[in-house]
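Each remark here refers to the structure printed beneath this line.
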Amino acid sequence: MAERPNTPGNTPTGSRGSISSHLPPVVQPGHTMASVTDKISEVVLTRRTPRGWFIGLAISLGLTVVLFVTILQLLLKGVGIWGNNVPVGWAFDIINFVWWIGIGHAGTLISAILLLLRQDWRTSINRFAEAMTLFAVACAGLYPLLHMGRPWLAYWLFPYPNTMGMWPQFRSPLVWDVFAVSTYLLISMMFWFIGLIPDLATLRDRSPSKVGRVVYGLLAMGWRGSARHWHRYEMAYLLLAGLSTPLVVSVHTIVSFDFAVSVIPGWHATVFPPYFVAGAVYAGFAMVLILAIPMRRVYGLQDFVTMRHLDHMARIMLATGLFVAYGYMVETFMAWYSGSIFESALMTNRFTGPYALWYWSLIVFNVLVPQALWFTRVRGNTIALFVIAIAVSIGMWLERFIIIVVSLHRDFLPSSWDMYHPTVWDWGMYVGSIGLFFSLLFLFLRFLPMISIFEMRTLLPESEVKEERS
Amino acid sequence: MSERVYGLMAEFSDPGALVTAARKAREAGYVRLDAYTPYPIEELDEALHIRHTRLPLIVLIGGIVGGLAGFALQYWTSVIDYPINVGGRPLFSWPSFIPVTFECTILGAGLSAVLGMLGLNGLPQPYHPVFNVPRFALASRDRFFLCVEATDPKFDIDDTWSFLSRLQPRQVSQVDA
């Protein structure tokens, strides 16, 4: 390989063909290694914490308290406080699980798949996108654990020799889920931490306080930037990217198996795995935009997270949004083409039944609104992008609601049909998990470099080796 | 005296100068060399004769072991130790074991990539002599260092010092052990 494996192209503009040649650069010109290092590390080390950070963290922590109150109530009273009951035995607990897991997938996509595809613009957004993945997976994990009712027995899910003489049922997609999600969490954590090590060493060397030097020093594990270490480091990073890429696809495929392996109308469809994976990437990029647009403004990082990044993310959102729209079309077509009365009854129920308003809102938010991204002017307007990203996040949540609730509330036997209404505890736990997500994110922004410093250095023109041959 | 010296270190301000210096040091016969840089520089692998790492092999073995262990676990629990007859379906229903086998493969390979990289690099390492040089803190910012270690057979504190000074570094410093 002629190029360094994890630094795809070191030109500052990285222009590839005519599409990107008129776009703004990945890093604004005029930056040096010292200025990049200082600008990113000063957010953590020396700069005064912006007031917006305190306000944001206070609101998020307030919502996290709501989460803890709902969890406490759940443990005291049991899962009966939720609105799910026969026939809708699965509701917010799985809707929110799938929603959060999906959001997490954009982080892995940016850090792994775009690395393998040598998209150098990923460098300034991969760090916080990976952090987003971790926190989103943590929020997702809460739901199945709490739905068990007795979360302190969660370890029963894992195969270990026990006095009951039992083993998990490996033919069940729910057990596959346990393996997929815990592997995903572990690999994402390791990928993120490995990426952080050289930057933790930078913080260790630059921290003005004794505490900072000790804490960052412990975390950096004695990294000293040796050429031999970099050589293995790059190999490990590349291999992890190569492993994460099929992993992220497998995780959402397995999540979709939770539905597709059953026989419920609307769930038993072969389109589910690709449709779920595309939806996950779609929701995830929406969340990255929701985070990146205010962040670059508050911290003045427009030089590193440029309009080019926002434009690329908007394009990926548009593309995955079209996959998702195709998924909706195929679902509808198959309901008719299968000739199954249950499938076509389900579709009619989606279009005109008691949840029709939710379905048509989903179509507006997920299919119609994002079509605005075809226009360059919309992709260049941060406010418009932010609004569209919020719409997509809501739309993707509605999609899971439609898939889960509408299929369950009227399946084969009309005698068992019933309506589902979420309770205040359902909403409380959902809002609370958003609070937990943002609390973790605010803490991350304050204490760790939100952009990968060492990878930014490789994007600068001065990082190229110009050797005088003697 | 020389027991207390880890080596001599030259500081450069651009990557090209470091790579040239590393190459010249190899040509001058030094073998116990290392370079310290703020980001990975591929040209150094060749200049310092860094051999290919065994890491990919470790990851391959980790993945194979993970996958086999995952499959064996499912086979043993579902077929031998805890067989459940569901409507006469086969106990060894291998297609349903594939998802977990796949995840275990990734987990085994990923763990061996991370632990293998840290292990081969000797991290975590609480103490290393290079940190005794005050200016070495810049190795994680924008400076490039070449260190000739005292264990090198050709190492002589005065000769090596003057050799490094001829490479036009910003500064040469002694690294105390």
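Each chain in the structure tokens gets a letter, A, B and so on, in the order shown; residues start at 1 in every chain, and ligands are counted from 1 in the order they appear.
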Check which residues of chain B sit at most 7 Å from chain A using only C-alpha atoms, and return one row each with the closest pair of atoms and their distance in Å to one decimal, ordered by chain and rising number, as CSV.
```
residue,atom,partner,partner_atom,distance
B:Pro15,CA,A:Val465,CA,5.4
B:Gly16,CA,A:Val465,CA,4.4
B:Ala17,CA,A:Glu467,CA,6.7
B:Thr20,CA,A:Glu467,CA,6.2
B:Asp34,CA,A:Ala227,CA,6.5
B:Ala35,CA,A:Ala227,CA,5.3
B:Tyr36,CA,A:Ser226,CA,4.4
B:Thr37,CA,A:Gly225,CA,5.3
B:Pro38,CA,A:Gly225,CA,6.2
B:Tyr39,CA,A:Phe454,CA,5.4
B:Pro40,CA,A:Trp230,CA,5.5
B:Glu42,CA,A:Arg4,CA,5.9
B:Leu44,CA,A:Ala227,CA,6.8
B:Ile50,CA,A:Arg228,CA,6.6
B:Thr53,CA,A:Arg232,CA,6.3
B:Gln74,CA,A:Phe170,CA,6.6
B:Thr77,CA,A:Trp167,CA,6.4
B:Tyr82,CA,A:Met166,CA,6.8
B:Ser96,CA,A:Arg171,CA,5.3
B:Phe97,CA,A:Phe170,CA,6.6
B:Pro99,CA,A:Trp176,CA,6.2
B:Val100,CA,A:Trp176,CA,5.7
B:Glu103,CA,A:Ala180,CA,5.9
B:Ile106,CA,A:Leu243,CA,6.2
B:Leu107,CA,A:Thr183,CA,5.9
B:Gly110,CA,A:Leu240,CA,6.1
B:Ala113,CA,A:Ala236,CA,5.4
B:Val114,CA,A:Ala236,CA,6.6
B:Met117,CA,A:Arg232,CA,6.0
B:Asn121,CA,A:His229,CA,5.7
B:Leu123,CA,A:Met221,CA,6.1
B:Pro124,CA,A:Met221,CA,4.3
B:Gln125,CA,A:Gly222,CA,5.0
B:Pro126,CA,A:Gly222,CA,5.8
B:Ala137,CA,A:Asp205,CA,5.1
B:Ser140,CA,A:Thr202,CA,5.0
B:Arg141,CA,A:Ala34,CA,6.1
B:Asp142,CA,A:Met33,CA,5.5
```
Can I get the selected residues back with N, CA and C atoms, as a CSV table (one decimal), in the first residue's frame?
```csv
chain,number,residue,atom,x,y,z
B,15,PRO,N,8.6,16.4,9.5
B,15,PRO,CA,8.7,14.9,9.3
B,15,PRO,C,9.7,14.5,8.3
B,16,GLY,N,9.9,15.3,7.3
B,16,GLY,CA,10.9,15.0,6.3
B,16,GLY,C,12.3,14.9,6.9
B,17,ALA,N,12.7,15.9,7.7
B,17,ALA,CA,14.0,15.9,8.3
B,17,ALA,C,14.2,14.7,9.2
B,20,THR,N,14.8,11.6,7.0
B,20,THR,CA,16.2,11.7,6.4
B,20,THR,C,17.2,11.3,7.5
B,34,ASP,N,14.9,4.5,17.6
B,34,ASP,CA,13.5,4.6,17.6
B,34,ASP,C,13.1,6.0,17.3
B,35,ALA,N,12.0,6.3,16.6
B,35,ALA,CA,11.5,7.6,16.3
B,35,ALA,C,10.2,7.8,17.1
B,36,TYR,N,10.0,9.1,17.4
B,36,TYR,CA,8.8,9.4,18.2
B,36,TYR,C,8.1,10.5,17.5
B,37,THR,N,6.8,10.3,17.1
B,37,THR,CA,6.1,11.3,16.2
B,37,THR,C,4.7,11.5,16.7
B,38,PRO,N,4.2,12.7,16.4
B,38,PRO,CA,2.8,13.0,16.8
B,38,PRO,C,1.7,12.3,16.0
B,39,TYR,N,2.1,11.7,14.9
B,39,TYR,CA,1.1,10.9,14.1
B,39,TYR,C,1.8,9.9,13.4
B,40,PRO,N,1.2,8.8,12.9
B,40,PRO,CA,1.9,7.8,12.2
B,40,PRO,C,2.5,8.3,10.9
B,42,GLU,N,4.4,6.6,7.6
B,42,GLU,CA,4.7,5.3,7.0
B,42,GLU,C,6.1,5.2,6.6
B,44,LEU,N,8.7,6.0,7.9
B,44,LEU,CA,9.6,5.6,9.0
B,44,LEU,C,9.8,4.1,9.0
B,50,ILE,N,11.5,-1.3,10.2
B,50,ILE,CA,10.5,-2.0,11.1
B,50,ILE,C,9.9,-3.1,10.4
B,53,THR,N,4.4,-6.5,11.4
B,53,THR,CA,3.9,-7.0,12.7
B,53,THR,C,3.2,-8.3,12.6
B,74,GLN,N,-22.7,-23.7,21.4
B,74,GLN,CA,-24.1,-23.9,21.1
B,74,GLN,C,-24.4,-25.4,20.8
B,77,THR,N,-24.4,-27.3,24.2
B,77,THR,CA,-25.6,-27.0,25.1
B,77,THR,C,-26.9,-27.5,24.4
B,82,TYR,N,-28.4,-30.2,27.1
B,82,TYR,CA,-29.7,-29.7,27.4
B,82,TYR,C,-30.6,-29.8,26.1
B,96,SER,N,-29.4,-22.0,12.7
B,96,SER,CA,-29.8,-21.1,13.7
B,96,SER,C,-28.6,-20.8,14.7
B,97,PHE,N,-27.5,-21.5,14.5
B,97,PHE,CA,-26.3,-21.2,15.3
B,97,PHE,C,-25.4,-20.2,14.7
B,99,PRO,N,-25.8,-16.9,13.6
B,99,PRO,CA,-25.6,-15.5,14.1
B,99,PRO,C,-24.7,-15.5,15.3
B,100,VAL,N,-24.9,-16.3,16.3
B,100,VAL,CA,-24.0,-16.3,17.5
B,100,VAL,C,-22.6,-16.6,17.1
B,103,GLU,N,-21.0,-13.6,15.7
B,103,GLU,CA,-20.7,-12.5,16.7
B,103,GLU,C,-19.5,-12.9,17.5
B,106,ILE,N,-16.3,-12.2,15.6
B,106,ILE,CA,-15.9,-10.8,15.6
B,106,ILE,C,-15.3,-10.5,17.0
B,107,LEU,N,-16.0,-11.0,18.0
B,107,LEU,CA,-15.5,-10.6,19.4
B,107,LEU,C,-14.1,-11.2,19.6
B,110,GLY,N,-11.7,-9.1,17.5
B,110,GLY,CA,-11.6,-7.7,18.0
B,110,GLY,C,-10.8,-7.6,19.3
B,113,ALA,N,-7.2,-8.1,18.5
B,113,ALA,CA,-6.6,-7.0,17.9
B,113,ALA,C,-6.2,-5.9,18.9
B,114,VAL,N,-7.1,-5.7,19.9
B,114,VAL,CA,-6.8,-4.6,20.9
B,114,VAL,C,-5.7,-5.1,21.9
B,117,MET,N,-2.3,-5.7,20.1
B,117,MET,CA,-1.6,-4.4,19.9
B,117,MET,C,-1.0,-3.9,21.2
B,121,ASN,N,3.0,-3.9,22.0
B,121,ASN,CA,3.6,-2.6,22.2
B,121,ASN,C,4.1,-2.4,23.7
B,123,LEU,N,2.3,-2.0,26.3
B,123,LEU,CA,1.5,-1.0,27.1
B,123,LEU,C,0.5,-1.8,27.9
B,124,PRO,N,0.0,-1.3,29.0
B,124,PRO,CA,0.4,0.0,29.6
B,124,PRO,C,1.8,-0.1,30.3
B,125,GLN,N,2.6,1.0,30.1
B,125,GLN,CA,3.9,1.0,30.6
B,125,GLN,C,4.0,2.3,31.5
B,126,PRO,N,4.2,2.0,32.8
B,126,PRO,CA,4.1,3.2,33.7
B,126,PRO,C,5.4,4.1,33.6
B,137,ALA,N,7.7,16.3,25.7
B,137,ALA,CA,6.2,16.5,25.8
B,137,ALA,C,5.7,17.0,24.4
B,140,SER,N,4.0,14.8,21.3
B,140,SER,CA,2.5,14.6,21.1
B,140,SER,C,1.9,15.8,20.6
B,141,ARG,N,2.7,16.8,20.1
B,141,ARG,CA,2.1,18.0,19.5
B,141,ARG,C,2.6,18.2,18.1
B,142,ASP,N,3.8,18.7,17.9
B,142,ASP,CA,4.2,19.0,16.5
B,142,ASP,C,5.7,18.8,16.4
```
Inset, instruction - Quick one: everything within 8 Å of Val298 in chain A, counting only C-alpha atoms, minus sequence neighbours fewer than 4 positions away in the same chain. Send it as a ChimeraX atom specification. - result: /A:50,52,294
Inset, instruction - Assign secondary structure with DSSP using the backbone only, and return the residues of chain B in helix (DSSP H, G or I) as a VMD selection string. - result: chain B and resid 2 to 4 15 to 27 42 to 47 55 to 81 94 to 120 129 to 132 134 to 140 157 to 165
Inset, instruction - Using only C-alpha atoms, determine which residues lie at most 12 Å from Ser344 in chain A, disregarding the query and same-chain residues fewer than 3 positions distant; provide the list as a VMD selection string. - result: chain A and resid 265 to 266 331 to 341 347 to 351 407 411 to 412
Mind dumping the selected residues with N, CA and C atoms as a compact mmCIF listing (two decimals), in the first residue's frame?
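Final output, saved to selection_7.txt:
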```txt
# COMPACT_ATOMS: atom_id res chain seq x y z
N PRO A 265 -48.17 -10.73 10.91
CA PRO A 265 -48.28 -9.96 9.66
C PRO A 265 -47.52 -8.64 9.78
N GLY A 266 -46.81 -8.30 8.70
CA GLY A 266 -46.03 -7.06 8.74
C GLY A 266 -44.62 -7.26 9.25
N GLU A 331 -42.87 -3.19 1.29
CA GLU A 331 -43.80 -3.74 2.29
C GLU A 331 -45.23 -3.71 1.76
N THR A 332 -45.60 -2.55 1.19
CA THR A 332 -46.96 -2.40 0.69
C THR A 332 -47.20 -3.33 -0.50
N PHE A 333 -46.22 -3.38 -1.40
CA PHE A 333 -46.36 -4.25 -2.57
C PHE A 333 -46.49 -5.71 -2.15
N MET A 334 -45.66 -6.14 -1.21
CA MET A 334 -45.68 -7.55 -0.82
C MET A 334 -46.98 -7.90 -0.11
N ALA A 335 -47.56 -6.93 0.60
CA ALA A 335 -48.82 -7.21 1.28
C ALA A 335 -49.88 -7.58 0.24
N TRP A 336 -49.84 -6.91 -0.91
CA TRP A 336 -50.80 -7.22 -1.98
C TRP A 336 -50.37 -8.47 -2.74
N TYR A 337 -49.08 -8.55 -3.09
CA TYR A 337 -48.59 -9.60 -3.98
C TYR A 337 -48.60 -10.96 -3.30
N SER A 338 -48.43 -10.99 -1.96
CA SER A 338 -48.41 -12.27 -1.24
C SER A 338 -49.78 -12.93 -1.31
N GLY A 339 -50.86 -12.16 -1.51
CA GLY A 339 -52.19 -12.73 -1.53
C GLY A 339 -52.68 -13.15 -0.16
N SER A 340 -51.91 -12.82 0.89
CA SER A 340 -52.33 -13.19 2.24
C SER A 340 -53.31 -12.15 2.76
N ILE A 341 -54.47 -12.62 3.20
CA ILE A 341 -55.48 -11.64 3.67
C ILE A 341 -54.99 -10.95 4.93
N MET A 347 -51.98 -3.89 6.10
CA MET A 347 -51.64 -2.67 5.36
C MET A 347 -52.81 -1.69 5.36
N THR A 348 -54.01 -2.22 5.13
CA THR A 348 -55.19 -1.36 5.18
C THR A 348 -55.31 -0.72 6.56
N ASN A 349 -55.01 -1.52 7.58
CA ASN A 349 -55.09 -1.00 8.94
C ASN A 349 -54.05 0.09 9.17
N ARG A 350 -52.87 -0.07 8.58
CA ARG A 350 -51.85 0.98 8.72
C ARG A 350 -52.32 2.28 8.07
N PHE A 351 -52.90 2.13 6.85
CA PHE A 351 -53.27 3.33 6.10
C PHE A 351 -54.49 4.03 6.69
N SER A 407 -48.70 -3.88 14.06
CA SER A 407 -48.75 -5.31 13.76
C SER A 407 -49.34 -6.09 14.92
N ASP A 411 -53.76 -8.77 15.07
CA ASP A 411 -53.17 -9.82 14.22
C ASP A 411 -54.27 -10.78 13.76
N PHE A 412 -54.10 -12.06 13.91
CA PHE A 412 -54.98 -13.00 13.20
C PHE A 412 -56.42 -13.03 13.72
```
Inset, instruction - Quick one: everything within 12 Å of Met429 in chain A, counting only C-alpha atoms, minus sequence neighbours fewer than 3 positions away in the same chain. Send it as number ranges by chain. - result: A: 63-74, 81-82, 92-93, 96-97, 139-140, 142-143, 146-147, 422-426, 432-436
Store the residues picked out above, limited to C-alpha atoms, as a PDB file, in the first residue's frame.
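Here's the written file again-v5.pdb:
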```pdb
ATOM      1  CA  LEU A  63     -34.242  14.488  32.474  1.00  0.00           C
ATOM      2  CA  THR A  64     -31.917  11.771  33.777  1.00  0.00           C
ATOM      3  CA  VAL A  65     -33.570  12.203  37.165  1.00  0.00           C
ATOM      4  CA  VAL A  66     -36.886  11.512  35.402  1.00  0.00           C
ATOM      5  CA  LEU A  67     -35.315   8.299  34.100  1.00  0.00           C
ATOM      6  CA  PHE A  68     -34.225   7.249  37.572  1.00  0.00           C
ATOM      7  CA  VAL A  69     -37.664   7.996  39.019  1.00  0.00           C
ATOM      8  CA  THR A  70     -39.359   5.879  36.348  1.00  0.00           C
ATOM      9  CA  ILE A  71     -36.875   3.061  36.919  1.00  0.00           C
ATOM     10  CA  LEU A  72     -37.514   3.215  40.652  1.00  0.00           C
ATOM     11  CA  GLN A  73     -41.270   3.087  40.082  1.00  0.00           C
ATOM     12  CA  LEU A  74     -40.767   0.173  37.693  1.00  0.00           C
ATOM     13  CA  ILE A  81     -46.935   0.507  34.985  1.00  0.00           C
ATOM     14  CA  TRP A  82     -46.280   0.474  31.233  1.00  0.00           C
ATOM     15  CA  PHE A  92     -41.947   1.354  24.031  1.00  0.00           C
ATOM     16  CA  ASP A  93     -39.362  -1.003  25.485  1.00  0.00           C
ATOM     17  CA  ASN A  96     -36.852   2.717  21.964  1.00  0.00           C
ATOM     18  CA  PHE A  97     -34.343  -0.118  21.996  1.00  0.00           C
ATOM     19  CA  CYS A 139     -29.457   3.781  26.400  1.00  0.00           C
ATOM     20  CA  ALA A 140     -30.666   0.981  24.136  1.00  0.00           C
ATOM     21  CA  LEU A 142     -31.540  -0.220  29.358  1.00  0.00           C
ATOM     22  CA  TYR A 143     -34.817  -1.202  27.724  1.00  0.00           C
ATOM     23  CA  LEU A 146     -35.723  -3.200  32.427  1.00  0.00           C
ATOM     24  CA  HIS A 147     -38.397  -5.058  30.494  1.00  0.00           C
ATOM     25  CA  PRO A 422     -48.527   4.523  26.247  1.00  0.00           C
ATOM     26  CA  THR A 423     -48.652   5.635  29.886  1.00  0.00           C
ATOM     27  CA  VAL A 424     -46.878   8.532  31.518  1.00  0.00           C
ATOM     28  CA  TRP A 425     -44.196   6.059  32.689  1.00  0.00           C
ATOM     29  CA  ASP A 426     -43.544   4.991  29.087  1.00  0.00           C
ATOM     30  CA  GLY A 432     -35.328  10.167  30.549  1.00  0.00           C
ATOM     31  CA  SER A 433     -33.146   8.052  28.294  1.00  0.00           C
ATOM     32  CA  ILE A 434     -32.696  11.055  25.996  1.00  0.00           C
ATOM     33  CA  GLY A 435     -31.565  12.951  29.092  1.00  0.00           C
ATOM     34  CA  LEU A 436     -29.055  10.232  29.968  1.00  0.00           C
TER      35      LEU A 436
END
```
Legend entry - Polymer residues at most 12 Å from Leu301 in chain A, only C-alpha atoms, same-chain spacing of 4 or more positions, as JSON, numbers by chain: {"A": [26, 27, 28, 36, 39, 40, 41, 42, 43, 124, 125, 292, 293, 294, 295, 296, 297, 305, 306, 307, 450, 451]}
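Non-sequential neighbours of Ile64 in chain B (distance at most 8 Å, separation of 4 or more positions within a chain, only C-alpha atoms) are Leu60, Leu68, Thr105, Gly108 and Ala109 of chain B.
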Legend entry - Which residue of B:Phe131, B:Phe136, B:Phe71, B:Trp161 approaches Glu11 in chain B most closely, using only C-alpha atoms: B:Phe136
Legend entry - Close residues, Leu146 in chain B itself excluded, 12 Å, only C-alpha atoms, min 3 positions apart in chain, as a PyMOL selection string: (chain A and resi 225-227) or (chain B and resi 7-15+17-26+30+32-37+44+47-48+130+136+139+143+149+164-165+167+169-175)
Output C-alpha atoms for every residue in the selection just made, as a PDB file, in the first residue's frame.
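The result, written out as selection.pdb:
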```
ATOM      1  CA  GLY A 225       4.365   7.840  19.842  1.00  0.00           C
ATOM      2  CA  SER A 226       7.134   5.391  19.005  1.00  0.00           C
ATOM      3  CA  ALA A 227       7.338   4.535  15.305  1.00  0.00           C
TER       4      ALA A 227
ATOM      5  CA  GLY B   7      20.321   7.185  24.848  1.00  0.00           C
ATOM      6  CA  LEU B   8      20.640  10.413  22.920  1.00  0.00           C
ATOM      7  CA  MET B   9      17.729  12.155  21.333  1.00  0.00           C
ATOM      8  CA  ALA B  10      17.584  14.628  18.455  1.00  0.00           C
ATOM      9  CA  GLU B  11      14.602  16.886  17.911  1.00  0.00           C
ATOM     10  CA  PHE B  12      13.299  17.885  14.467  1.00  0.00           C
ATOM     11  CA  SER B  13      10.525  20.204  13.461  1.00  0.00           C
ATOM     12  CA  ASP B  14       9.349  18.519  10.299  1.00  0.00           C
ATOM     13  CA  PRO B  15       8.679  14.928   9.322  1.00  0.00           C
ATOM     14  CA  ALA B  17      13.984  15.901   8.339  1.00  0.00           C
ATOM     15  CA  LEU B  18      13.217  13.075  10.764  1.00  0.00           C
ATOM     16  CA  VAL B  19      12.903  10.466   8.034  1.00  0.00           C
ATOM     17  CA  THR B  20      16.168  11.661   6.445  1.00  0.00           C
ATOM     18  CA  ALA B  21      17.888  11.544   9.834  1.00  0.00           C
ATOM     19  CA  ALA B  22      16.582   8.058  10.552  1.00  0.00           C
ATOM     20  CA  ARG B  23      17.826   6.838   7.203  1.00  0.00           C
ATOM     21  CA  LYS B  24      21.262   8.390   7.743  1.00  0.00           C
ATOM     22  CA  ALA B  25      21.524   6.876  11.212  1.00  0.00           C
ATOM     23  CA  ARG B  26      20.790   3.431   9.769  1.00  0.00           C
ATOM     24  CA  TYR B  30      23.150   2.379  14.227  1.00  0.00           C
ATOM     25  CA  ARG B  32      18.993   0.404  18.225  1.00  0.00           C
ATOM     26  CA  LEU B  33      16.961   3.363  17.022  1.00  0.00           C
ATOM     27  CA  ASP B  34      13.467   4.596  17.567  1.00  0.00           C
ATOM     28  CA  ALA B  35      11.526   7.604  16.338  1.00  0.00           C
ATOM     29  CA  TYR B  36       8.751   9.402  18.185  1.00  0.00           C
ATOM     30  CA  THR B  37       6.145  11.294  16.215  1.00  0.00           C
ATOM     31  CA  LEU B  44       9.645   5.588   8.972  1.00  0.00           C
ATOM     32  CA  ALA B  47      13.788   4.041   7.177  1.00  0.00           C
ATOM     33  CA  LEU B  48      14.005   2.262  10.540  1.00  0.00           C
ATOM     34  CA  VAL B 130      12.250   9.166  27.095  1.00  0.00           C
ATOM     35  CA  PHE B 136       9.678  15.294  24.781  1.00  0.00           C
ATOM     36  CA  ALA B 139       6.298  14.685  20.656  1.00  0.00           C
ATOM     37  CA  ARG B 143       7.827  17.819  17.075  1.00  0.00           C
ATOM     38  CA  GLU B 149      19.724   3.957  22.421  1.00  0.00           C
ATOM     39  CA  LEU B 164      23.294  13.586  15.671  1.00  0.00           C
ATOM     40  CA  SER B 165      24.364  17.238  15.694  1.00  0.00           C
ATOM     41  CA  LEU B 167      21.845  15.924  11.071  1.00  0.00           C
ATOM     42  CA  PRO B 169      18.337  18.915  14.504  1.00  0.00           C
ATOM     43  CA  ARG B 170      16.813  21.709  16.540  1.00  0.00           C
ATOM     44  CA  GLN B 171      18.445  20.271  19.606  1.00  0.00           C
ATOM     45  CA  VAL B 172      20.195  17.141  20.908  1.00  0.00           C
ATOM     46  CA  SER B 173      19.544  15.971  24.455  1.00  0.00           C
ATOM     47  CA  GLN B 174      20.736  13.184  26.690  1.00  0.00           C
ATOM     48  CA  VAL B 175      18.058  10.747  27.877  1.00  0.00           C
TER      49      VAL B 175
END
```
Legend entry - Shortest interatomic distance to Asn132 in chain B - which of B:Trp76, B:His49, B:Val31, B:Ala177, counting only C-alpha atoms: B:Ala177
Inset, instruction - From chain B, collect each residue whose DSSP state is strand (DSSP E or B) and return the set as a list in words. - result: Val5, Tyr6, Gly7, Leu8, Met9, Ala10, Glu11, Phe12, Leu33, Asp34, Ala35, Tyr36, Phe144, Phe145, Leu146, Cys147, Val148, Glu149, Gln171, Val172, Ser173, Gln174, Val175 and Asp176 of chain B
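What separates CA of Leu174 in chain A from CA of Val255 in chain A is a distance of 8.4 Å.
The interatomic distance for the pair CA of Val261 in chain A and CA of Phe102 in chain B works out to 17.8 Å.
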